[in-house]
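S.K.: Okay, so here is protein.txt, and as you'll see once you scroll down, it has compact mmCIF, C-alpha atoms.
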# COMPACT_ATOMS: atom_id res chain seq x y z
CA MET N 1 5.31 35.24 4.56
CA GLU N 2 7.18 33.10 7.06
CA LEU N 3 5.65 29.88 5.77
CA ASP N 4 6.82 30.44 2.21
CA LYS N 5 10.48 30.47 3.14
CA GLY N 6 10.91 26.76 2.72
CA ALA N 7 8.94 26.37 -0.49
CA ASP N 8 11.94 26.11 -2.82
CA ARG N 9 14.42 24.55 -0.45
CA PRO N 10 14.69 20.79 -0.06
CA SER N 11 13.00 19.40 3.01
CA PRO N 12 15.29 19.08 6.05
CA ILE N 13 14.22 15.49 6.64
CA GLU N 14 14.00 12.28 4.64
CA PHE N 15 11.76 9.33 5.50
CA ARG N 16 12.82 5.73 5.91
CA LEU N 17 10.71 2.62 6.39
CA ASP N 18 11.09 -0.32 8.72
CA PRO N 19 9.14 -3.13 7.04
CA ALA N 20 9.59 -5.39 10.07
CA SER N 21 8.13 -2.95 12.60
CA GLY N 22 4.51 -3.97 12.01
CA VAL N 23 3.54 -0.27 12.20
CA PRO N 24 1.41 0.78 9.20
CA THR N 25 3.42 2.75 6.64
CA TYR N 26 1.44 5.98 6.97
CA LEU N 27 1.88 5.89 10.75
CA GLN N 28 5.63 5.40 10.38
CA LEU N 29 5.75 8.64 8.37
CA VAL N 30 3.65 10.47 10.98
CA GLN N 31 5.86 9.22 13.81
CA GLN N 32 9.02 10.25 12.00
CA VAL N 33 7.75 13.81 11.59
CA GLU N 34 6.80 13.93 15.29
CA GLN N 35 10.22 12.58 16.23
CA ALA N 36 11.96 15.15 13.99
CA LEU N 37 9.95 17.92 15.69
CA ARG N 38 10.92 16.64 19.14
CA MET N 39 14.58 16.50 18.18
CA GLY N 40 14.50 19.96 16.63
CA TRP N 41 15.34 18.63 13.13
CA LEU N 42 12.16 20.25 11.87
CA ALA N 43 10.98 23.73 12.77
CA GLU N 44 7.85 25.73 12.07
CA GLY N 45 7.67 26.76 8.40
CA ASP N 46 9.85 23.90 7.16
CA ARG N 47 8.52 22.00 4.15
CA LEU N 48 7.89 18.28 4.47
CA PRO N 49 9.23 16.11 1.61
CA ARG N 50 7.05 16.35 -1.50
CA VAL N 51 4.69 13.45 -2.12
CA ARG N 52 6.44 12.68 -5.39
CA GLU N 53 9.86 12.59 -3.68
CA VAL N 54 8.62 10.24 -0.96
CA VAL N 55 6.97 7.95 -3.51
CA ALA N 56 10.08 7.85 -5.70
CA GLY N 57 12.42 7.26 -2.76
CA LEU N 58 10.47 4.60 -0.87
CA ALA N 59 8.41 3.07 -3.71
CA ILE N 60 5.17 3.44 -1.74
CA ASN N 61 1.64 4.30 -2.80
CA PRO N 62 1.04 8.08 -3.13
CA ASN N 63 -2.21 7.71 -1.18
CA THR N 64 -0.19 6.47 1.81
CA VAL N 65 1.83 9.70 1.87
CA LEU N 66 -1.32 11.79 1.47
CA LYS N 67 -2.91 9.88 4.33
CA ALA N 68 0.11 10.56 6.58
CA TYR N 69 0.06 14.27 5.72
CA ARG N 70 -3.70 14.46 6.36
CA GLU N 71 -3.12 12.85 9.77
CA LEU N 72 -0.38 15.41 10.56
CA GLU N 73 -2.79 18.20 9.59
CA HIS N 74 -5.47 16.62 11.77
CA ARG N 75 -3.02 16.59 14.71
CA GLY N 76 -2.33 20.28 14.10
CA LEU N 77 1.33 19.67 13.23
CA ALA N 78 1.27 20.50 9.52
CA VAL N 79 -0.63 22.56 7.02
CA GLY N 80 -1.07 21.82 3.32
CA ARG N 81 -0.71 24.67 0.85
CA ARG N 82 -2.12 23.93 -2.58
CA GLY N 83 0.57 23.64 -5.23
CA GLN N 84 3.38 24.33 -2.76
CA GLY N 85 3.51 21.40 -0.42
CA THR N 86 2.93 20.58 3.22
CA PHE N 87 4.57 22.72 5.91
CA VAL N 88 5.30 22.29 9.59
CA ARG N 89 2.87 24.28 11.67
CA GLY N 90 3.50 23.53 15.31
CA LEU N 91 5.02 21.24 17.89
CA PRO N 92 3.36 18.07 19.19
CA ALA N 93 2.11 18.10 22.77
CA GLY N 94 4.84 17.43 25.30
CA VAL N 95 7.60 19.16 23.37
CA VAL N 96 9.47 22.16 24.79
CA PRO N 97 11.78 24.54 22.92
CA LEU N 98 15.39 23.44 22.54
CA ARG N 99 16.91 25.84 25.10
CA GLU N 100 14.53 24.80 27.88
CA ARG N 101 15.10 21.20 26.95
CA ALA N 102 18.86 21.65 27.29
CA ALA N 103 18.42 23.22 30.73
CA LEU N 104 16.24 20.32 31.88
CA ARG N 105 18.81 17.86 30.59
CA ARG N 106 21.57 19.61 32.57
CA GLY N 107 19.45 19.37 35.72
CA LEU N 108 18.96 15.65 35.15
CA LEU N 109 22.70 15.15 34.62
CA ASP N 110 23.38 16.90 37.95
CA TRP N 111 20.97 14.51 39.64
CA MET N 112 22.62 11.51 37.95
CA ARG N 113 26.06 12.57 39.19
CA SER N 114 24.84 12.79 42.79
CA ALA N 115 23.07 9.44 42.38
CA ARG N 116 26.34 7.87 41.18
CA THR N 117 28.19 9.40 44.14
CA ALA N 118 25.56 7.88 46.43
CA GLY N 119 26.34 4.45 44.90
CA LEU N 120 23.47 3.90 42.40
CA ASP N 121 24.35 2.10 39.14
CA GLU N 122 22.53 2.78 35.84
CA GLY N 123 19.84 0.18 36.49
CA GLY N 124 19.21 1.72 39.92
CA MET N 125 18.86 5.19 38.42
CA VAL N 126 16.35 3.95 35.84
CA ALA N 127 14.37 2.27 38.61
CA VAL N 128 14.25 5.44 40.72
CA PHE N 129 13.31 7.52 37.66
CA GLU N 130 10.50 5.17 36.66
CA ASP N 131 9.25 5.04 40.24
CA ALA N 132 9.16 8.83 40.48
CA LEU N 133 7.52 9.08 37.06
CA ARG N 134 4.74 6.76 38.23
CA ASP N 135 4.23 8.90 41.38
CA LEU N 136 4.02 12.01 39.19
CA ARG N 137 1.54 10.38 36.86
CA GLU N 138 -0.66 9.23 39.72
CA GLY N 139 -0.60 12.63 41.42
CA ARG N 140 1.51 11.44 44.38
CA ASP N 141 4.37 13.85 43.65
CA GLY N 142 3.77 15.78 46.90
CA VAL N 143 4.29 12.81 49.19
CA VAL N 144 7.84 11.66 48.47
CA ALA N 145 9.16 9.91 51.54
CA MET J 146 -11.11 11.76 -13.18
CA ALA J 147 -13.98 11.44 -15.62
CA THR J 148 -14.52 7.69 -15.39
CA ASP J 149 -15.55 6.20 -12.07
CA THR J 150 -14.70 2.56 -12.76
CA VAL J 151 -11.66 1.28 -14.62
CA ILE J 152 -12.84 -2.33 -14.88
CA ASP J 153 -16.47 -3.34 -14.58
CA CYS J 154 -17.83 -6.80 -15.27
CA GLY J 155 -20.81 -8.78 -14.13
CA GLY J 156 -20.74 -12.53 -14.57
CA ILE J 157 -17.99 -12.61 -17.16
CA GLY J 158 -16.48 -15.98 -18.14
CA LYS J 159 -13.71 -17.25 -20.39
CA ARG J 160 -13.39 -20.83 -21.57
CA TYR J 161 -10.33 -22.35 -23.21
CA ARG J 162 -11.46 -25.57 -24.95
CA ARG J 163 -13.26 -27.46 -22.20
CA SER J 164 -12.06 -25.73 -19.04
CA TRP J 165 -13.11 -22.34 -17.67
CA ALA J 166 -10.22 -19.98 -16.88
CA LEU J 167 -12.67 -17.46 -15.46
CA ARG J 168 -16.27 -18.07 -14.48
CA ASP J 169 -19.08 -15.90 -13.11
CA CYS J 170 -16.61 -13.13 -12.40
CA HIS J 171 -18.09 -9.97 -10.84
CA LEU J 172 -15.85 -6.97 -10.40
CA ALA J 173 -16.20 -3.18 -10.22
CA VAL J 174 -12.81 -1.56 -9.68
CA PRO J 175 -13.02 2.19 -9.02
CA ALA J 176 -10.58 4.60 -10.70
CA GLY J 177 -7.56 6.10 -8.97
CA HIS J 178 -6.23 2.98 -7.31
CA VAL J 179 -3.18 0.77 -7.47
CA VAL J 180 -4.82 -2.65 -7.60
CA ALA J 181 -3.03 -5.86 -6.67
CA LEU J 182 -4.36 -8.93 -8.45
CA VAL J 183 -3.49 -12.00 -6.39
CA GLY J 184 -4.24 -15.69 -6.62
CA PRO J 185 -2.63 -19.10 -7.09
CA ASN J 186 -1.30 -20.14 -10.49
CA GLY J 187 -4.21 -20.93 -12.79
CA ALA J 188 -6.65 -18.73 -10.85
CA GLY J 189 -7.39 -16.62 -13.94
CA LYS J 190 -5.21 -13.54 -13.34
CA THR J 191 -3.64 -13.44 -16.81
CA THR J 192 -7.03 -14.13 -18.41
CA LEU J 193 -8.64 -11.23 -16.53
CA LEU J 194 -5.83 -8.86 -17.55
CA SER J 195 -5.99 -10.04 -21.18
CA LEU J 196 -9.75 -9.46 -21.27
CA ALA J 197 -9.34 -5.94 -19.90
CA ALA J 198 -6.57 -5.19 -22.40
CA GLY J 199 -8.81 -6.41 -25.23
CA LEU J 200 -6.39 -9.17 -26.24
CA THR J 201 -9.03 -11.85 -25.89
CA LEU J 202 -12.82 -11.98 -25.91
CA PRO J 203 -15.06 -13.32 -23.13
CA SER J 204 -16.97 -16.58 -23.70
CA GLU J 205 -19.90 -15.22 -21.70
CA GLY J 206 -20.86 -11.91 -20.13
CA ALA J 207 -19.39 -8.51 -20.94
CA MET J 208 -16.78 -6.21 -19.55
CA THR J 209 -16.36 -2.44 -19.79
CA VAL J 210 -13.20 -0.49 -19.07
CA LEU J 211 -12.62 3.18 -18.17
CA GLY J 212 -16.31 3.82 -17.66
CA ASP J 213 -18.28 2.55 -20.65
CA GLN J 214 -15.57 1.55 -23.15
CA LEU J 215 -15.39 -1.90 -24.68
CA PRO J 216 -11.98 -3.55 -24.26
CA GLY J 217 -10.12 -3.59 -27.57
CA SER J 218 -12.06 -0.68 -29.07
CA PRO J 219 -9.83 2.06 -30.56
CA ARG J 220 -10.67 4.49 -27.76
CA ALA J 221 -9.94 1.92 -25.07
CA LEU J 222 -6.67 0.89 -26.77
CA ASP J 223 -5.53 4.52 -26.78
CA ARG J 224 -6.10 4.88 -23.07
CA ILE J 225 -4.88 1.53 -21.74
CA GLY J 226 -1.30 0.36 -21.37
CA PHE J 227 -0.43 -3.32 -21.08
CA VAL J 228 2.83 -4.94 -20.03
CA ALA J 229 2.72 -8.68 -20.66
CA GLN J 230 4.44 -11.26 -18.51
CA ASN J 231 8.19 -11.36 -19.19
CA ALA J 232 7.59 -8.15 -21.16
CA ALA J 233 8.44 -9.83 -24.43
CA LEU J 234 9.80 -7.22 -26.85
CA TYR J 235 11.98 -7.85 -29.92
CA PRO J 236 15.38 -8.81 -28.45
CA GLY J 237 17.29 -7.84 -31.61
CA LEU J 238 16.04 -4.25 -31.69
CA PRO J 239 17.92 -1.40 -30.01
CA VAL J 240 15.93 0.52 -27.39
CA ARG J 241 15.88 3.52 -29.76
CA ASP J 242 14.04 1.46 -32.41
CA LEU J 243 11.57 0.14 -29.85
CA LEU J 244 10.76 3.75 -29.01
CA ALA J 245 10.31 4.55 -32.71
CA MET J 246 8.01 1.56 -33.03
CA GLY J 247 5.90 2.77 -30.10
CA ARG J 248 5.78 6.25 -31.60
CA HIS J 249 4.45 4.93 -34.90
CA LEU J 250 1.98 2.43 -33.44
CA ASN J 251 0.27 4.74 -30.95
CA ARG J 252 -1.88 7.82 -31.46
CA ARG J 253 -0.93 9.16 -28.04
CA TRP J 254 2.82 9.11 -27.48
CA ASP J 255 5.15 11.14 -25.26
CA ASP J 256 8.61 10.39 -26.65
CA ALA J 257 10.37 12.96 -24.44
CA ARG J 258 8.98 11.31 -21.35
CA ALA J 259 10.21 7.85 -22.34
CA ARG J 260 13.69 9.18 -23.19
CA THR J 261 13.98 11.15 -19.93
CA HIS J 262 12.81 8.11 -18.03
CA LEU J 263 15.39 5.80 -19.65
CA GLU J 264 18.25 8.31 -19.55
CA GLY J 265 17.52 8.90 -15.87
CA LEU J 266 18.08 5.19 -15.29
CA GLY J 267 21.26 5.14 -17.39
CA ILE J 268 19.82 2.73 -19.98
CA PRO J 269 21.70 3.22 -23.30
CA LEU J 270 19.25 3.78 -26.18
CA GLU J 271 21.56 2.18 -28.76
CA ARG J 272 21.81 -1.11 -26.83
CA LYS J 273 19.78 -4.06 -28.14
CA TYR J 274 16.85 -4.99 -25.89
CA GLY J 275 18.06 -8.59 -25.60
CA ARG J 276 21.41 -7.47 -24.20
CA LEU J 277 19.93 -5.48 -21.32
CA SER J 278 19.68 -6.86 -17.77
CA GLY J 279 16.32 -8.16 -16.54
CA GLY J 280 15.75 -5.02 -14.51
CA GLN J 281 16.58 -2.81 -17.50
CA GLN J 282 14.28 -4.80 -19.79
CA ALA J 283 11.45 -4.34 -17.30
CA GLN J 284 12.15 -0.60 -17.15
CA VAL J 285 12.11 -0.34 -20.97
CA SER J 286 8.72 -2.10 -21.10
CA LEU J 287 7.41 0.23 -18.40
CA ALA J 288 8.79 3.30 -20.21
CA LEU J 289 7.05 2.21 -23.43
CA ALA J 290 3.76 1.60 -21.59
CA LEU J 291 3.92 4.96 -19.75
CA ALA J 292 4.84 6.87 -22.93
CA LYS J 293 1.25 6.31 -24.07
CA ARG J 294 0.17 8.33 -21.01
CA PRO J 295 -2.42 5.64 -20.27
CA GLU J 296 -5.31 6.18 -17.88
CA LEU J 297 -5.20 2.51 -16.94
CA LEU J 298 -2.02 0.46 -16.88
CA LEU J 299 -2.25 -3.34 -16.71
CA LEU J 300 0.84 -5.37 -15.81
CA ASP J 301 1.08 -9.16 -15.68
CA GLU J 302 3.61 -10.32 -13.07
CA PRO J 303 5.92 -7.35 -13.62
CA LEU J 304 8.10 -8.18 -10.60
CA ALA J 305 8.46 -11.93 -11.02
CA ALA J 306 11.89 -12.00 -12.66
CA LEU J 307 13.44 -9.02 -10.84
CA ASP J 308 15.95 -8.92 -7.99
CA PRO J 309 14.97 -6.91 -4.86
CA LEU J 310 16.72 -3.71 -5.95
CA ALA J 311 15.25 -3.87 -9.46
CA ARG J 312 11.78 -4.45 -7.95
CA HIS J 313 12.17 -1.38 -5.75
CA ASP J 314 13.32 0.74 -8.72
CA PHE J 315 10.49 -0.57 -10.89
CA MET J 316 7.80 0.18 -8.28
CA SER J 317 9.38 3.56 -7.62
CA VAL J 318 8.98 4.58 -11.30
CA LEU J 319 5.49 3.08 -11.52
CA LEU J 320 4.18 4.76 -8.35
CA THR J 321 5.79 8.09 -9.24
CA ALA J 322 3.79 7.98 -12.48
CA VAL J 323 0.68 7.33 -10.37
CA ALA J 324 1.52 10.36 -8.20
CA GLU J 325 2.14 12.60 -11.23
CA ASP J 326 -0.60 11.49 -13.64
CA GLY J 327 -3.18 9.95 -11.34
CA LEU J 328 -3.39 6.89 -13.58
CA SER J 329 -4.99 3.68 -12.33
CA VAL J 330 -2.89 0.52 -12.16
CA MET J 331 -3.72 -3.16 -11.91
CA PHE J 332 -0.90 -5.66 -11.63
CA SER J 333 -0.74 -9.33 -10.75
CA SER J 334 1.86 -10.51 -8.29
CA HIS J 335 2.89 -13.39 -6.08
CA ALA J 336 5.04 -11.14 -3.87
CA VAL J 337 2.31 -10.69 -1.26
CA ASN J 338 4.81 -9.45 1.35
CA GLU J 339 5.53 -6.39 -0.80
CA LEU J 340 1.96 -5.42 -1.66
CA GLU J 341 1.13 -3.43 1.46
CA GLN J 342 3.59 -0.71 0.47
CA SER J 343 2.33 -0.24 -3.05
CA CYS J 344 -1.35 -1.21 -3.30
CA ASP J 345 -4.47 0.39 -1.96
CA TYR J 346 -6.94 -2.01 -3.59
CA LEU J 347 -6.96 -5.79 -3.58
CA VAL J 348 -8.53 -8.41 -5.85
CA VAL J 349 -8.00 -12.07 -4.98
CA LEU J 350 -8.96 -14.70 -7.58
CA ALA J 351 -9.42 -18.37 -6.75
CA GLY J 352 -10.41 -21.03 -9.23
CA GLY J 353 -11.57 -18.52 -11.84
CA ARG J 354 -13.80 -16.55 -9.46
CA VAL J 355 -13.37 -13.37 -7.47
CA GLN J 356 -12.77 -14.31 -3.84
CA VAL J 357 -11.89 -10.96 -2.27
CA THR J 358 -12.23 -7.42 -3.56
CA GLY J 359 -12.05 -4.07 -1.82
CA GLU J 360 -9.94 -1.17 -0.63
CA VAL J 361 -7.00 -2.37 1.44
CA ASP J 362 -7.82 -0.04 4.36
CA ASP J 363 -11.42 -1.33 4.48
CA LEU J 364 -10.33 -4.96 4.27
CA LEU J 365 -7.70 -4.61 7.02
CA GLY J 366 -10.11 -2.65 9.22
CA GLY J 367 -12.87 -5.19 8.62
CA HIS J 368 -11.02 -8.25 9.96
CA ARG J 369 -9.81 -9.24 13.41
CA MET J 370 -7.57 -12.09 14.51
CA LEU J 371 -9.10 -13.52 17.69
CA THR J 372 -6.90 -15.56 20.02
CA GLY J 373 -8.60 -17.28 22.95
CA PRO J 374 -9.75 -20.49 24.64
CA THR J 375 -10.67 -23.41 22.37
CA ALA J 376 -13.58 -24.17 24.72
CA GLU J 377 -15.29 -20.97 23.50
CA ALA J 378 -14.18 -21.21 19.87
CA GLU J 379 -17.28 -23.01 18.63
CA ALA J 380 -19.58 -20.38 20.15
CA VAL J 381 -17.58 -17.58 18.49
CA ALA J 382 -17.50 -19.38 15.13
CA GLU J 383 -21.29 -19.73 15.23
CA ARG J 384 -21.80 -16.00 15.64
CA LEU J 385 -19.11 -14.53 13.37
CA PRO J 386 -18.07 -15.18 9.77
CA VAL J 387 -14.80 -17.06 10.10
CA VAL J 388 -12.20 -16.85 7.34
CA ARG J 389 -9.67 -19.16 8.88
CA ASP J 390 -10.09 -21.37 11.92
CA ARG J 391 -7.14 -22.92 13.73
CA ARG J 392 -7.86 -24.74 16.96
CA ALA J 393 -5.33 -26.44 19.22
CA GLY J 394 -5.94 -28.23 22.53
CA THR J 395 -6.50 -25.13 24.65
CA GLN J 396 -5.81 -22.13 22.40
CA SER J 397 -7.45 -21.11 19.10
CA HIS J 398 -6.85 -18.50 16.43
CA LEU J 399 -9.89 -17.37 14.45
CA LEU J 400 -9.63 -14.84 11.65
CA VAL J 401 -13.09 -13.25 11.48
CA ARG J 402 -14.83 -10.56 9.47
CA THR J 403 -16.30 -7.93 11.78
CA GLY J 404 -17.18 -5.14 9.36
CA GLY J 405 -14.87 -2.58 10.94
CA VAL J 406 -15.66 -2.93 14.65
CA ASP J 407 -14.19 -5.06 17.42
CA ALA J 408 -15.75 -8.50 17.61
CA PRO J 409 -18.37 -8.97 20.37
CA VAL J 410 -16.46 -11.65 22.30
CA SER J 411 -15.65 -12.21 25.98
CA GLY J 412 -12.61 -10.74 27.72
CA GLU J 413 -10.90 -14.11 27.37
CA TRP J 414 -10.17 -13.24 23.74
CA ARG J 415 -7.41 -11.02 22.46
CA GLN J 416 -8.25 -9.25 19.20
CA GLN J 417 -5.68 -7.89 16.80
CA ARG J 418 -5.71 -6.25 13.42
CA ILE J 419 -3.63 -8.05 10.83
CA GLY J 420 -1.46 -6.94 7.94
CA LEU J 421 -2.17 -7.41 4.25
CA GLU J 422 0.20 -10.34 3.85
CA GLU J 423 -1.49 -12.34 6.63
CA LEU J 424 -4.92 -11.48 5.24
CA VAL J 425 -4.03 -12.55 1.70
CA LEU J 426 -2.42 -15.79 2.86
CA ALA J 427 -5.45 -16.64 4.99
CA TYR J 428 -7.80 -16.28 2.01
CA LEU J 429 -5.45 -18.16 -0.31
CA ARG J 430 -5.46 -21.06 2.17
CA GLU J 431 -9.27 -20.99 2.44
CA PRO J 432 -10.53 -20.77 -1.15
CA THR J 433 -14.16 -21.12 -0.03
CA ALA J 434 -14.09 -18.02 2.21
CA SER J 435 -14.89 -14.74 0.52
CA ALA J 436 -14.98 -11.02 1.20
CA LEU J 437 -17.04 -9.19 -1.40
CA PRO J 438 -18.85 -5.87 -1.22
CA GLY J 439 -22.63 -5.52 -1.15
CA PRO J 440 -25.38 -8.01 -0.37
CA ARG J 441 -23.87 -10.67 -2.61
CA GLY J 442 -20.77 -10.60 -0.46
CA ALA J 443 -22.56 -11.30 2.79
CA VAL J 444 -22.36 -14.97 2.01
CA ARG J 445 -22.49 -16.34 5.52
CA THR J 446 -25.96 -16.16 6.98
CA ASN J 447 -24.62 -15.93 10.54
CA GLU J 448 -23.21 -12.51 9.74
CA LYS J 449 -26.51 -10.87 10.57
CA VAL J 450 -25.78 -11.54 14.25
CA LEU J 451 -23.31 -8.65 14.03
CA LEU J 452 -25.94 -6.12 13.05
CA PRO J 453 -27.61 -4.26 15.92
Translate this structure into structure tokens?
M.R.:
Amino acid sequence: MELDKGADRPSPIEFRLDPASGVPTYLQLVQQVEQALRMGWLAEGDRLPRVREVVAGLAINPNTVLKAYRELEHRGLAVGRRGQGTFVRGLPAGVVPLRERAALRRGLLDWMRSARTAGLDEGGMVAVFEDALRDLREGRDGVVA
Amino acid sequence: MATDTVIDCGGIGKRYRRSWALRDCHLAVPAGHVVALVGPNGAGKTTLLSLAAGLTLPSEGAMTVLGDQLPGSPRALDRIGFVAQNAALYPGLPVRDLLAMGRHLNRRWDDARARTHLEGLGIPLERKYGRLSGGQQAQVSLALALAKRPELLLLDEPLAALDPLARHDFMSVLLTAVAEDGLSVMFSSHAVNELEQSCDYLVVLAGGRVQVTGEVDDLLGGHRMLTGPTAEAEAVAERLPVVRDRRAGTQSHLLVRTGGVDAPVSGEWRQQRIGLEELVLAYLREPTASALPGPRGAVRTNEKVLLP
């Protein structure tokens, strides 16, 4: 089965903690898995680090890791398999496959080059991007002046 | 796990000569937790741990451990590990001999586990205990305690003398044992900034009594820090149980117990959840405030305002 592929291999990611962030520990683990999925570091079928490995590496309570993995299951991103570990199941909302993502990035770079030619600096580009993003969010994307 | 509480006592007390180290102490700690025992010096932490380990007897009341066992009974001794403050072991004995001693003094003993544990950390078995570093001595004490495969492990200030790296390594080994064996742990500590990572249950002692007890998630979810206008502070304080009350000319900070919901206050107030360190420090600064489960814990009569 596809999911079993990663059972014996080490997990592709390793967690770290930022004690100063103020974000609860379990949520830091959840966010790092989401981030790894967005960046393509984790793919469907990959095994998440074993609870024991995370506990030994970060010196955190095992229940914290279990809570993070339960939350990932609840969000539909992971699935626990008894005795084998927890495996990546899907992508979080708002994530597109790598190839499409690369194409979108190229399109944005093209736009940035023409913006620079037109005389916009980086701050100006960010301002235009944020403006346009707000229009899109508020459903005003059809009425660009 | 078969036993549902690891430490259970109702109204236990311990007197040394004329003064009470622990008085009217009520506690029911469920199994399967890593419990932090916090409180100022002289609050009764060591006394509580010694009573649970069976090293001393209560002056009044009774305690049971691991369900219905009496502390100090042969069955309880088999199933409980205890690491005393400064982990005093014989300094002149090589680690190998300390292991042999543990093997001969305990009915349950996993020698292979202790050796693997110490070899993994690069601690030479032929070295005398007194010649090891502080971090290594702590690891040897922990290895001896875990070799019993205890169901409850009690540790008195295990981190006090360790540098940051040694603390991390110590907690790493301890919590890995929790993950593998599901043992329950209670340890006392002053390092309140490090507790949130390791503990999921909190007991705060003040002046020989239990001031706060509960699961960390419930405690954090059950409090809110309210920041708002001093002009309205009195009205808020009358309706909600306040743990800590700081009022300046125009702005006030009130730490209140809300029982897991947002506080019913006006839009002038900002409410935030707080971390474990801030919660513990607030209670340590206000020894008369308490957060206890059940009807006994609802000490402030104005709390009923919260109920619909």
S.K.: Show which residues sit within 6 Å of stretch 227-239 of chain J, as a list of chain:residue names. Count all atoms listed in the file, and ignore same-chain residues fewer than 5 positions away.
M.R.: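 Listing them by chain and then by number gives J:Glu271, J:Arg272, J:Lys273, J:Tyr274, J:Gly275, J:Leu298, J:Leu299, J:Leu300, J:Asp301, J:Glu302.
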S.K.: With a distance threshold of 6 Å and counting only C-alpha atoms, extract the residues of chain J near chain N and express them as a list in words.
M.R.: Met316, Ser317, Thr321, Ala324, Gln342 and Ser343 of chain J
S.K.: Just the residues within 12 Å of N:Leu48, please, counting only C-alpha atoms, with nothing from its chain fewer than 6 positions along; format it as a VMD selection string.
M.R.: chain N and resid 3 6 to 15 29 to 30 32 to 34 36 to 37 41 to 42 54 65 to 66 68 to 69 72 to 73 77 to 81 84 to 89
S.K.: So what do you get for atom CA of J:Ile225 versus atom CA of J:Cys344, distance-wise?
M.R.: 19.0 Å
S.K.: I'd like the interatomic distance between atom CA of J:Leu193 and atom CA of J:Val180, to a tenth of an Å.
M.R.: 13.0 Å
S.K.: Quick one: everything within 12 Å of J:Val406, counting all atoms listed in the file, minus sequence neighbours fewer than 6 positions away in the same chain. Send it as a list in words.
M.R.: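 The neighbour list is Asp363, Leu364, Leu365, Gly366, Gly367, His368, Arg369, Gln416, Gln417, Arg418, Leu451 and Leu452 of chain J.
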S.K.: J:Arg248: which residues within 12 Å, counting all atoms listed in the file, same-chain residues fewer than 3 positions away excluded, as a ChimeraX atom specification?
M.R.: /J:241-245,251-260,289-290,292-293
S.K.: Have a look at atom CA of J:Ala427 and atom CA of J:Asp362 and let me know their distance in Å, one decimal.
M.R.: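 Interatomic distance here is 16.8 Å.
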S.K.: Fewer than 2 positions away in the same chain doesn't count, so skip those; otherwise give me all residues within 9 Å of J:Arg402, counting only C-alpha atoms, as a ChimeraX atom specification.
M.R.: /J:364,367-370,385-388,400,404-405,408,436,448
S.K.: Let me have the centre and edge lengths of the axis-aligned box enclosing all listed atoms of stretch 99-117 of chain N with 3 Å padding on every side, in Å to one decimal, as AutoDock Vina command-line options.
M.R.:
--center_x 21.4 --center_y 16.9 --center_z 34.6 --size_x 19.7 --size_y 24.0 --size_z 25.0
